[in-house]
Amino acid sequence: MTKFAHELTTGDILEPLSFTVTPEWNQQYCYAQEDFDQRYIVGCEGRSPEVHPTLLLSMSAYTKSLSFKLAPGTGSIMGEQSCSFFNVAAVGKRIDVDFRVVETYERRSRLFRIVESTVTDEDGTLILRRQSHLTIERSGA
């Protein structure tokens with residue numbers, strides 16, 4: 001993907017992102033949220049600890065795609081967002097995020113793009129689907 005964000009159109013695919021959440025990285029999100037539930041720290045019923053949902057939300061932002069880029073003098077503005085969690089992610093498993101522009105529309109003389117982020121684990125289990133409505137503005141406009 002070599003387009004700037006303001007050039008994205010329906011059907012465009014941004015470069016996917018893959019990462020593995022370590023216990024230490026997960027713990028930093030737990031500390032930031034002051035959420036020390038044991039399912040995120042040591043796991044429950046013999047299962048691995050779960051990745052904290054805020055970490056998944058952070059890493060599924062369309063701006064995390066390695067091919068996301070803004071043209072000079074522009075900024076990305078989030079207009080609306082929806083998220084659906086389907087399964088938990090396990091600490092230590094690879095997480096894959098795919099990004100696709102699923103729709104473009106105009107509202108109040110601004111062009112918006114809906115970027116869908118799909119988060120799966122290394123086994124292909126669907127973890128999260130997120131839709132972000134964004135518009136690109138020039139600075140000083």
# chains A, B, ... in the order shown; residues from 1 in each chain; ligands from 1
call {"tool": "residues_around", "arguments": {"residues": "A:Tyr40", "least_positions_apart": "2", "cutoff": "8 Å", "atoms": "only C-alpha atoms", "output": "PyMOL selection string"}}
result
chain A and resi 26-27+30+36-38+42-43+49-52
call {"tool": "select_by_dssp", "arguments": {"residues": "chain A", "states": "strand (DSSP E or B)", "output": "count of residues only"}}
result
61
call {"tool": "select_by_dssp", "arguments": {"residues": "chain A", "states": "alpha helix (DSSP H)", "output": "CSV table (one decimal) with N, CA and C atoms, in the first residue's frame"}}
result
chain,number,residue,atom,x,y,z
A,23,PRO,N,4.1,-11.5,28.7
A,23,PRO,CA,3.4,-11.2,30.0
A,23,PRO,C,3.8,-9.8,30.5
A,24,GLU,N,5.0,-9.3,30.2
A,24,GLU,CA,5.4,-8.0,30.7
A,24,GLU,C,4.6,-6.9,30.0
A,25,TRP,N,4.5,-7.0,28.7
A,25,TRP,CA,3.7,-6.0,27.9
A,25,TRP,C,2.3,-6.0,28.4
A,26,ASN,N,1.7,-7.1,28.6
A,26,ASN,CA,0.3,-7.2,29.0
A,26,ASN,C,0.1,-6.6,30.4
A,27,GLN,N,1.1,-6.9,31.3
A,27,GLN,CA,1.1,-6.3,32.6
A,27,GLN,C,1.1,-4.8,32.6
A,28,GLN,N,1.8,-4.2,31.7
A,28,GLN,CA,1.9,-2.7,31.6
A,28,GLN,C,0.5,-2.2,31.3
A,29,TYR,N,-0.3,-2.8,30.5
A,29,TYR,CA,-1.7,-2.4,30.3
A,29,TYR,C,-2.5,-2.6,31.5
A,30,CYS,N,-2.3,-3.7,32.2
A,30,CYS,CA,-3.1,-3.9,33.4
A,30,CYS,C,-2.8,-2.8,34.5
A,31,TYR,N,-1.5,-2.4,34.6
A,31,TYR,CA,-1.1,-1.4,35.5
A,31,TYR,C,-1.7,-0.1,35.1
A,32,ALA,N,-1.7,0.2,33.8
A,32,ALA,CA,-2.2,1.5,33.3
A,32,ALA,C,-3.7,1.6,33.6
A,33,GLN,N,-4.4,0.5,33.5
A,33,GLN,CA,-5.9,0.4,33.7
A,33,GLN,C,-6.2,0.2,35.2
A,38,GLN,N,-7.0,-11.6,37.9
A,38,GLN,CA,-6.1,-12.7,37.8
A,38,GLN,C,-6.1,-13.3,36.3
A,39,ARG,N,-7.2,-13.2,35.6
A,39,ARG,CA,-7.2,-13.8,34.3
A,39,ARG,C,-6.2,-13.1,33.3
A,40,TYR,N,-5.8,-11.8,33.7
A,40,TYR,CA,-4.8,-11.1,32.9
A,40,TYR,C,-3.3,-11.4,33.4
A,41,ILE,N,-3.2,-11.8,34.6
A,41,ILE,CA,-1.9,-11.9,35.3
A,41,ILE,C,-1.4,-13.3,35.2
A,53,PRO,N,-8.0,-6.3,27.1
A,53,PRO,CA,-8.7,-5.8,25.9
A,53,PRO,C,-8.2,-4.4,25.5
A,54,THR,N,-7.7,-3.6,26.4
A,54,THR,CA,-7.2,-2.3,26.0
A,54,THR,C,-6.0,-2.4,25.1
A,55,LEU,N,-5.2,-3.4,25.3
A,55,LEU,CA,-4.0,-3.7,24.5
A,55,LEU,C,-4.5,-4.0,23.1
A,56,LEU,N,-5.5,-4.9,23.0
A,56,LEU,CA,-6.0,-5.3,21.7
A,56,LEU,C,-6.6,-4.1,20.9
A,57,LEU,N,-7.3,-3.2,21.7
A,57,LEU,CA,-7.9,-2.0,21.0
A,57,LEU,C,-6.8,-1.1,20.6
A,58,SER,N,-5.7,-0.9,21.4
A,58,SER,CA,-4.6,-0.1,21.0
A,58,SER,C,-3.9,-0.6,19.7
A,59,MET,N,-3.7,-1.8,19.6
A,59,MET,CA,-3.0,-2.4,18.5
A,59,MET,C,-3.8,-2.6,17.3
call {"tool": "atom_distance", "arguments": {"atom1": "atom CA of A:Ser117", "atom2": "atom CA of A:Cys83"}}
result
9.3 Å
call {"tool": "closest_residue", "arguments": {"among": "A:Ala61, A:Val91, A:Ile114, A:Leu8", "to": "A:Thr20", "atoms": "only C-alpha atoms"}}
result
A:Val91
call {"tool": "closest_residue", "arguments": {"among": "A:Leu126, A:Ala89, A:Leu70, A:Val119", "to": "A:Ser18", "atoms": "only C-alpha atoms"}}
result
A:Val119
call {"tool": "closest_residue", "arguments": {"among": "A:Glu137, A:Glu103, A:Asp96, A:Asp121", "to": "A:Leu17", "atoms": "only C-alpha atoms"}}
result
A:Asp96
call {"tool": "closest_residue", "arguments": {"among": "A:Val21, A:Cys44, A:Ile95, A:Met78", "to": "A:Gly124", "atoms": "only C-alpha atoms"}}
result
A:Ile95
call {"tool": "closest_residue", "arguments": {"among": "A:Ile136, A:Leu66, A:Val102, A:Ala90", "to": "A:Thr118", "atoms": "only C-alpha atoms"}}
result
A:Val102
